[in-house]
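Peer 1: Handing you this structure, nothing more for now.
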Amino acid sequence: MGKTVLISGDEKTYINYKRAIEAAGGQAVFRTPEVPEPACDAVLLPGGGDMEPWRYGQENVACRDLEPERDAVDLALLARCVERRTPVLGICRGMQTINVFFGGTLVQDIPNHSATDGVDQQHEAANAPSFLRELYGETMTVNSAHHQAVDQLGADLEILQRASDGTVEAIAHKQLPIWAVQWHPERFGRTGLRLLDAFLQRVHSDFFAKFDERS
C-alpha cells in the first residue's frame with residue numbers, strides 16, 4: 001500500500017490533490033470534524049486564499065480571500081509535523097504558510113503570476129543544486145496561479161528555485177523533511193507527477209532518515 005498523505009482540508013475542495021497523490025502511488029486522507037488529524041505518513045498543505053498579514057507583521061494592503069480559520073489549523077498542524085518530524089509538502093499557499101511559520105514574510109501582491117480567466121500562466125524557473133535539479137535539470141517550466149510570494153525567507157529555509165523575475169518558486173528546510181513549491185504539481189501533468197512521486201518515494205526512506213527520529 002502506498003504512503004498515506006494527509007491533505008489539510010476537505011475532500012470536495014481538494015479532490016484534484018487526491019487524484020494527483022493517488023496517481024503518484026499514494027493514499028490521500030483528509031481532515032474531517034470527526035477525525036481532525038487521521039494517522040498519516042506525510043502531510044500536504046495545499047493552495048487556497050491568502051493568509052492574514054498580521055501573522056507576518058504587516059497591515060493588509062493587498063490580501064484577499066482571507067482564511068483565518070485555516071491559518072490557525074495549518075500552522076498548528078505544521079507545528080505538530082515539526083515536533084514529530086513528519087514529512088511535509090507545501091503547494092502555493094502551503095509554501096507561504098511554511099515560510100510564515102518559520103518567521104518569514106510575504107509579498108502581498110506581485111504582477112504577472114496570477115491565472116488568467118482560470119488558466120494558469122507558465123514561465124521558466126531556474127533550479128539551484130538540489131533534488132529539483134536532479135529531477136528537472138537546471139531550468140524548467142512551471143505553472144503559475146498566485147498573486148503573493150515569499151519575501152523575507154524564514155529561519156533555516158533555503159531557496160531551491162526562482163523564476164526569471166526573482167520570485168521564489170521552491171524552498172526546503174535545512175534540517176527538517178519539509179519541501180514546498182509555489183507552483184501546482186497537482187494540475188501540471190507528468191511534470192507535476194514527477195515531483196509528487198519523488199516526495200512519496202522519500203517519505204521514511206533513506207533520503208529522510210536523517211530527519212526522522214522515529215526510525
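We label chains A, B, ... in the order they appear in the C-alpha cells, count residues from 1 in each chain, and number ligands from 1 in the order shown.
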Show me, as a PyMOL selection string, the residues that have an atom within 12 Å of region 18-28 of chain A when counting only C-alpha atoms, minus same-chain residues fewer than 2 positions from it.
Peer 2: chain A and resi 1-16+30-31+38-44+46+89+184-203
Peer 1: Would you output that residue set with N, CA and C atoms, as a compact mmCIF listing (two decimals), in the first residue's frame?
Peer 2:
```txt
# COMPACT_ATOMS: atom_id res chain seq x y z
N MET A 1 0.84 -1.19 0.00
CA MET A 1 0.00 0.00 0.00
C MET A 1 0.88 1.24 0.00
N GLY A 2 0.46 2.26 -0.74
CA GLY A 2 1.23 3.49 -0.82
C GLY A 2 1.21 4.28 0.47
N LYS A 3 2.12 5.23 0.57
CA LYS A 3 2.20 6.09 1.75
C LYS A 3 0.92 6.92 1.88
N THR A 4 0.47 7.11 3.12
CA THR A 4 -0.74 7.87 3.39
C THR A 4 -0.39 9.34 3.59
N VAL A 5 -1.03 10.20 2.82
CA VAL A 5 -0.77 11.64 2.87
C VAL A 5 -2.02 12.35 3.37
N LEU A 6 -1.87 13.08 4.47
CA LEU A 6 -2.97 13.89 4.99
C LEU A 6 -2.99 15.22 4.24
N ILE A 7 -4.07 15.49 3.54
CA ILE A 7 -4.26 16.76 2.85
C ILE A 7 -5.07 17.66 3.77
N SER A 8 -4.52 18.82 4.09
CA SER A 8 -5.18 19.70 5.05
C SER A 8 -6.36 20.40 4.39
N GLY A 9 -7.55 19.87 4.62
CA GLY A 9 -8.76 20.40 4.03
C GLY A 9 -9.76 19.29 3.81
N ASP A 10 -10.83 19.58 3.09
CA ASP A 10 -11.86 18.59 2.84
C ASP A 10 -11.74 18.02 1.44
N GLU A 11 -12.23 16.81 1.27
CA GLU A 11 -12.06 16.10 0.00
C GLU A 11 -12.75 16.81 -1.15
N LYS A 12 -13.91 17.37 -0.92
CA LYS A 12 -14.64 18.03 -2.00
C LYS A 12 -13.84 19.19 -2.59
N THR A 13 -13.22 19.98 -1.73
CA THR A 13 -12.46 21.13 -2.18
C THR A 13 -11.17 20.73 -2.86
N TYR A 14 -10.54 19.67 -2.36
CA TYR A 14 -9.18 19.33 -2.82
C TYR A 14 -9.13 17.98 -3.53
N ILE A 15 -10.18 17.67 -4.27
CA ILE A 15 -10.25 16.39 -4.98
C ILE A 15 -9.13 16.25 -6.00
N ASN A 16 -8.71 17.36 -6.61
CA ASN A 16 -7.63 17.25 -7.60
C ASN A 16 -6.31 16.86 -6.95
N PHE A 30 -8.14 13.01 4.55
CA PHE A 30 -8.48 14.41 4.78
C PHE A 30 -8.89 14.63 6.23
N ARG A 31 -8.75 15.89 6.66
CA ARG A 31 -9.29 16.28 7.96
C ARG A 31 -10.81 16.34 7.85
N PRO A 38 -6.20 12.36 11.01
CA PRO A 38 -6.03 10.92 10.90
C PRO A 38 -4.55 10.54 10.80
N ALA A 39 -4.26 9.29 11.11
CA ALA A 39 -2.89 8.81 11.01
C ALA A 39 -2.38 8.95 9.57
N CYS A 40 -1.12 9.34 9.44
CA CYS A 40 -0.57 9.55 8.10
C CYS A 40 0.94 9.41 8.13
N ASP A 41 1.51 9.21 6.93
CA ASP A 41 2.96 9.16 6.78
C ASP A 41 3.54 10.51 6.43
N ALA A 42 2.72 11.38 5.86
CA ALA A 42 3.17 12.70 5.43
C ALA A 42 1.98 13.64 5.37
N VAL A 43 2.27 14.94 5.25
CA VAL A 43 1.23 15.96 5.21
C VAL A 43 1.43 16.83 3.97
N LEU A 44 0.33 17.19 3.33
CA LEU A 44 0.34 18.11 2.20
C LEU A 44 -0.48 19.34 2.57
N PRO A 46 -2.13 22.39 0.93
CA PRO A 46 -2.49 22.77 -0.44
C PRO A 46 -2.66 24.28 -0.62
N LEU A 89 4.85 18.52 2.44
CA LEU A 89 4.96 19.17 1.13
C LEU A 89 3.96 20.32 1.10
N HIS A 184 1.88 24.47 -9.03
CA HIS A 184 0.83 23.49 -8.73
C HIS A 184 1.08 22.15 -9.42
N PRO A 185 1.82 21.26 -8.78
CA PRO A 185 2.08 19.95 -9.41
C PRO A 185 0.82 19.11 -9.59
N GLU A 186 -0.20 19.36 -8.77
CA GLU A 186 -1.41 18.54 -8.85
C GLU A 186 -2.19 18.77 -10.13
N ARG A 187 -1.86 19.83 -10.87
CA ARG A 187 -2.54 20.06 -12.16
C ARG A 187 -1.53 20.43 -13.25
N PHE A 188 -0.39 19.77 -13.20
CA PHE A 188 0.66 20.05 -14.18
C PHE A 188 1.17 18.79 -14.85
N GLY A 189 0.27 17.83 -15.04
CA GLY A 189 0.57 16.65 -15.82
C GLY A 189 1.77 15.88 -15.31
N ARG A 190 2.54 15.34 -16.26
CA ARG A 190 3.68 14.50 -15.89
C ARG A 190 4.75 15.27 -15.13
N THR A 191 4.89 16.55 -15.43
CA THR A 191 5.87 17.36 -14.72
C THR A 191 5.56 17.39 -13.22
N GLY A 192 4.31 17.64 -12.90
CA GLY A 192 3.91 17.67 -11.50
C GLY A 192 3.95 16.30 -10.86
N LEU A 193 3.58 15.27 -11.62
CA LEU A 193 3.57 13.91 -11.08
C LEU A 193 4.97 13.47 -10.66
N ARG A 194 5.97 13.92 -11.39
CA ARG A 194 7.35 13.57 -11.03
C ARG A 194 7.72 14.12 -9.66
N LEU A 195 7.28 15.32 -9.35
CA LEU A 195 7.57 15.89 -8.03
C LEU A 195 6.85 15.12 -6.93
N LEU A 196 5.56 14.85 -7.12
CA LEU A 196 4.80 14.12 -6.11
C LEU A 196 5.36 12.72 -5.92
N ASP A 197 5.75 12.08 -7.00
CA ASP A 197 6.33 10.75 -6.91
C ASP A 197 7.65 10.79 -6.14
N ALA A 198 8.47 11.80 -6.42
CA ALA A 198 9.74 11.94 -5.70
C ALA A 198 9.52 12.15 -4.20
N PHE A 199 8.53 12.97 -3.86
CA PHE A 199 8.23 13.20 -2.45
C PHE A 199 7.79 11.90 -1.77
N LEU A 200 6.87 11.17 -2.40
CA LEU A 200 6.37 9.94 -1.79
C LEU A 200 7.46 8.89 -1.67
N GLN A 201 8.34 8.81 -2.63
CA GLN A 201 9.43 7.84 -2.57
C GLN A 201 10.37 8.13 -1.40
N ARG A 202 10.48 9.40 -1.03
CA ARG A 202 11.41 9.79 0.02
C ARG A 202 10.79 9.77 1.42
N VAL A 203 9.49 9.62 1.50
CA VAL A 203 8.84 9.56 2.81
C VAL A 203 9.32 8.32 3.55
```
Peer 1: Mind checking which residues fall within 12 Å of Ala72 (chain A), counting only C-alpha atoms, ignoring those fewer than 6 positions away in the same chain, and posting them as a short mmCIF file (atom, residue, chain, number, x, y, z; two decimals) with C-alpha atoms, in the first residue's frame?
Peer 2:
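Output file out.cif is given in full below:
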```cif
data_model
loop_
_atom_site.label_atom_id
_atom_site.label_comp_id
_atom_site.auth_asym_id
_atom_site.auth_seq_id
_atom_site.Cartn_x
_atom_site.Cartn_y
_atom_site.Cartn_z
CA SER A 8 -5.18 19.70 5.05
CA MET A 51 -3.00 34.32 4.95
CA GLU A 52 -3.86 37.12 7.34
CA ARG A 55 0.72 36.82 11.07
CA LEU A 66 -8.53 35.56 3.69
CA LEU A 78 2.71 22.27 10.85
CA ALA A 79 3.88 22.67 14.45
CA THR A 97 2.32 29.08 5.28
CA VAL A 100 5.47 32.40 7.71
CA PHE A 101 5.62 29.58 10.26
#
```
Peer 1: Based on DSSP run over this structure's backbone, return all residues of region 13-170 of chain A in strand (DSSP E), as a PyMOL selection string.
Peer 2: chain A and resi 27-30+42-45+88-91+106-107+121-127+139-144+149-150+157-163+168-170
Peer 1: Which one of A:Gly166, A:Pro33, A:Gly118, A:Pro177 sits closest to Ala149 (chain A) if you count only C-alpha atoms?
Peer 2: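 Once distances to Ala149 (chain A) are computed over only C-alpha atoms, the minimum belongs to A:Gly166.
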Peer 1: Could you pull out the residues in region 35-114 of chain A that DSSP calls alpha helix (DSSP H) from the backbone, as a ChimeraX atom specification?
Peer 2: /A:68-84,93-101
Peer 1: With only C-alpha atoms as the basis for distance, which of A:Glu83, A:Glu37, A:Ser144, A:Thr167 is at the shortest distance from Gln121 (chain A)?
Peer 2: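 Answer, going by the shortest atom-to-atom distance: A:Ser144.
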Peer 1: I'd like the neighbourhood of Val181 (chain A) as a PyMOL selection string, where a residue qualifies if any of its atoms comes within 10 Å (using only C-alpha atoms), though same-chain residues fewer than 2 positions away should be ignored.
Peer 2: chain A and resi 89-96+142+160-161+168-172+179+183-185+195
Peer 1: Please dump the current selection as a PDB file, in the first residue's frame; keep N, CA and C atoms.
Peer 2:
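Produced file selection-v1.pdb, reproduced below:
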```pdb
ATOM      1  N   LEU A  89       4.854  18.523   2.441  1.00  0.00           N
ATOM      2  CA  LEU A  89       4.955  19.166   1.134  1.00  0.00           C
ATOM      3  C   LEU A  89       3.963  20.319   1.097  1.00  0.00           C
ATOM      4  N   GLY A  90       4.452  21.536   0.877  1.00  0.00           N
ATOM      5  CA  GLY A  90       3.589  22.701   0.735  1.00  0.00           C
ATOM      6  C   GLY A  90       3.441  23.083  -0.721  1.00  0.00           C
ATOM      7  N   ILE A  91       2.228  23.431  -1.122  1.00  0.00           N
ATOM      8  CA  ILE A  91       1.948  23.830  -2.502  1.00  0.00           C
ATOM      9  C   ILE A  91       1.266  25.195  -2.483  1.00  0.00           C
ATOM     10  N   CYS A  92       1.818  26.157  -3.191  1.00  0.00           N
ATOM     11  CA  CYS A  92       1.284  27.506  -3.333  1.00  0.00           C
ATOM     12  C   CYS A  92       1.050  28.143  -1.958  1.00  0.00           C
ATOM     13  N   ARG A  93      -0.194  28.291  -1.532  1.00  0.00           N
ATOM     14  CA  ARG A  93      -0.455  28.826  -0.186  1.00  0.00           C
ATOM     15  C   ARG A  93       0.297  28.030   0.866  1.00  0.00           C
ATOM     16  N   GLY A  94       0.407  26.717   0.651  1.00  0.00           N
ATOM     17  CA  GLY A  94       1.119  25.880   1.600  1.00  0.00           C
ATOM     18  C   GLY A  94       2.574  26.302   1.762  1.00  0.00           C
ATOM     19  N   MET A  95       3.218  26.705   0.676  1.00  0.00           N
ATOM     20  CA  MET A  95       4.586  27.190   0.771  1.00  0.00           C
ATOM     21  C   MET A  95       4.641  28.489   1.560  1.00  0.00           C
ATOM     22  N   GLN A  96       3.682  29.363   1.316  1.00  0.00           N
ATOM     23  CA  GLN A  96       3.638  30.634   2.045  1.00  0.00           C
ATOM     24  C   GLN A  96       3.413  30.390   3.537  1.00  0.00           C
ATOM     25  N   VAL A 142       7.331  26.037 -15.124  1.00  0.00           N
ATOM     26  CA  VAL A 142       6.376  25.805 -14.036  1.00  0.00           C
ATOM     27  C   VAL A 142       5.072  26.526 -14.361  1.00  0.00           C
ATOM     28  N   LEU A 160      15.291  26.872  -3.372  1.00  0.00           N
ATOM     29  CA  LEU A 160      15.668  25.852  -4.339  1.00  0.00           C
ATOM     30  C   LEU A 160      15.393  26.266  -5.778  1.00  0.00           C
ATOM     31  N   GLN A 161      14.523  27.247  -5.974  1.00  0.00           N
ATOM     32  CA  GLN A 161      14.110  27.581  -7.339  1.00  0.00           C
ATOM     33  C   GLN A 161      13.601  29.011  -7.379  1.00  0.00           C
ATOM     34  N   VAL A 168      10.470  33.579  -5.719  1.00  0.00           N
ATOM     35  CA  VAL A 168      10.829  32.277  -5.159  1.00  0.00           C
ATOM     36  C   VAL A 168       9.775  31.247  -5.555  1.00  0.00           C
ATOM     37  N   GLU A 169      10.215  30.171  -6.168  1.00  0.00           N
ATOM     38  CA  GLU A 169       9.289  29.139  -6.655  1.00  0.00           C
ATOM     39  C   GLU A 169       9.378  27.835  -5.867  1.00  0.00           C
ATOM     40  N   ALA A 170      10.431  27.653  -5.071  1.00  0.00           N
ATOM     41  CA  ALA A 170      10.540  26.438  -4.263  1.00  0.00           C
ATOM     42  C   ALA A 170      11.504  26.691  -3.111  1.00  0.00           C
ATOM     43  N   ILE A 171      11.185  26.086  -1.968  1.00  0.00           N
ATOM     44  CA  ILE A 171      12.026  26.189  -0.785  1.00  0.00           C
ATOM     45  C   ILE A 171      12.086  24.827  -0.105  1.00  0.00           C
ATOM     46  N   ALA A 172      13.022  24.681   0.825  1.00  0.00           N
ATOM     47  CA  ALA A 172      13.105  23.489   1.667  1.00  0.00           C
ATOM     48  C   ALA A 172      13.717  23.891   2.999  1.00  0.00           C
ATOM     49  N   TRP A 179       9.463  20.284   2.231  1.00  0.00           N
ATOM     50  CA  TRP A 179       9.644  20.845   0.890  1.00  0.00           C
ATOM     51  C   TRP A 179       8.446  21.728   0.577  1.00  0.00           C
ATOM     52  N   TRP A 183       4.349  26.593  -7.321  1.00  0.00           N
ATOM     53  CA  TRP A 183       3.527  26.156  -8.456  1.00  0.00           C
ATOM     54  C   TRP A 183       2.643  24.971  -8.062  1.00  0.00           C
ATOM     55  N   HIS A 184       1.883  24.467  -9.025  1.00  0.00           N
ATOM     56  CA  HIS A 184       0.830  23.495  -8.729  1.00  0.00           C
ATOM     57  C   HIS A 184       1.082  22.154  -9.423  1.00  0.00           C
ATOM     58  N   PRO A 185       1.819  21.255  -8.782  1.00  0.00           N
ATOM     59  CA  PRO A 185       2.078  19.949  -9.408  1.00  0.00           C
ATOM     60  C   PRO A 185       0.824  19.110  -9.591  1.00  0.00           C
ATOM     61  N   LEU A 195       7.279  15.322  -9.346  1.00  0.00           N
ATOM     62  CA  LEU A 195       7.569  15.893  -8.035  1.00  0.00           C
ATOM     63  C   LEU A 195       6.852  15.121  -6.930  1.00  0.00           C
TER      64      LEU A 195
END
```
Peer 1: Within 9 Å of Asn127 (chain A), counting only C-alpha atoms, which residues qualify if same-chain residues fewer than 4 places away don't, as a list in words?
Peer 2: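 Here the answer would be Leu132, Arg133, Tyr136, Gly137, Glu138, Thr139, Met140, Leu160, Gln161, Arg162 and Ala170 of chain A.
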Peer 1: Rounded to one decimal in Å, what is the spacing between CA of Gln152 (chain A) and CA of Asn99 (chain A)?
Peer 2: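 The value is 8.5 Å.
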Peer 1: Measure the distance from CA of Asp65 (chain A) to CA of Gly49 (chain A) in Å and round it to one decimal.
Peer 2: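 Separation between CA of Asp65 (chain A) and CA of Gly49 (chain A): 4.9 Å.
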Peer 1: If we count only C-alpha atoms, what is near Ala145 (chain A) at a cut-off of 10 Å, once residues fewer than 2 positions away on the same chain are taken out, given as a PyMOL selection string?
Peer 2: chain A and resi 47+92+112-116+118-122+143+147-148+182-184
Peer 1: By how many Å are CA of Arg85 (chain A) and CA of Leu153 (chain A) apart?
Peer 2: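 Rounded to one decimal, the two atoms are 20.8 Å apart.
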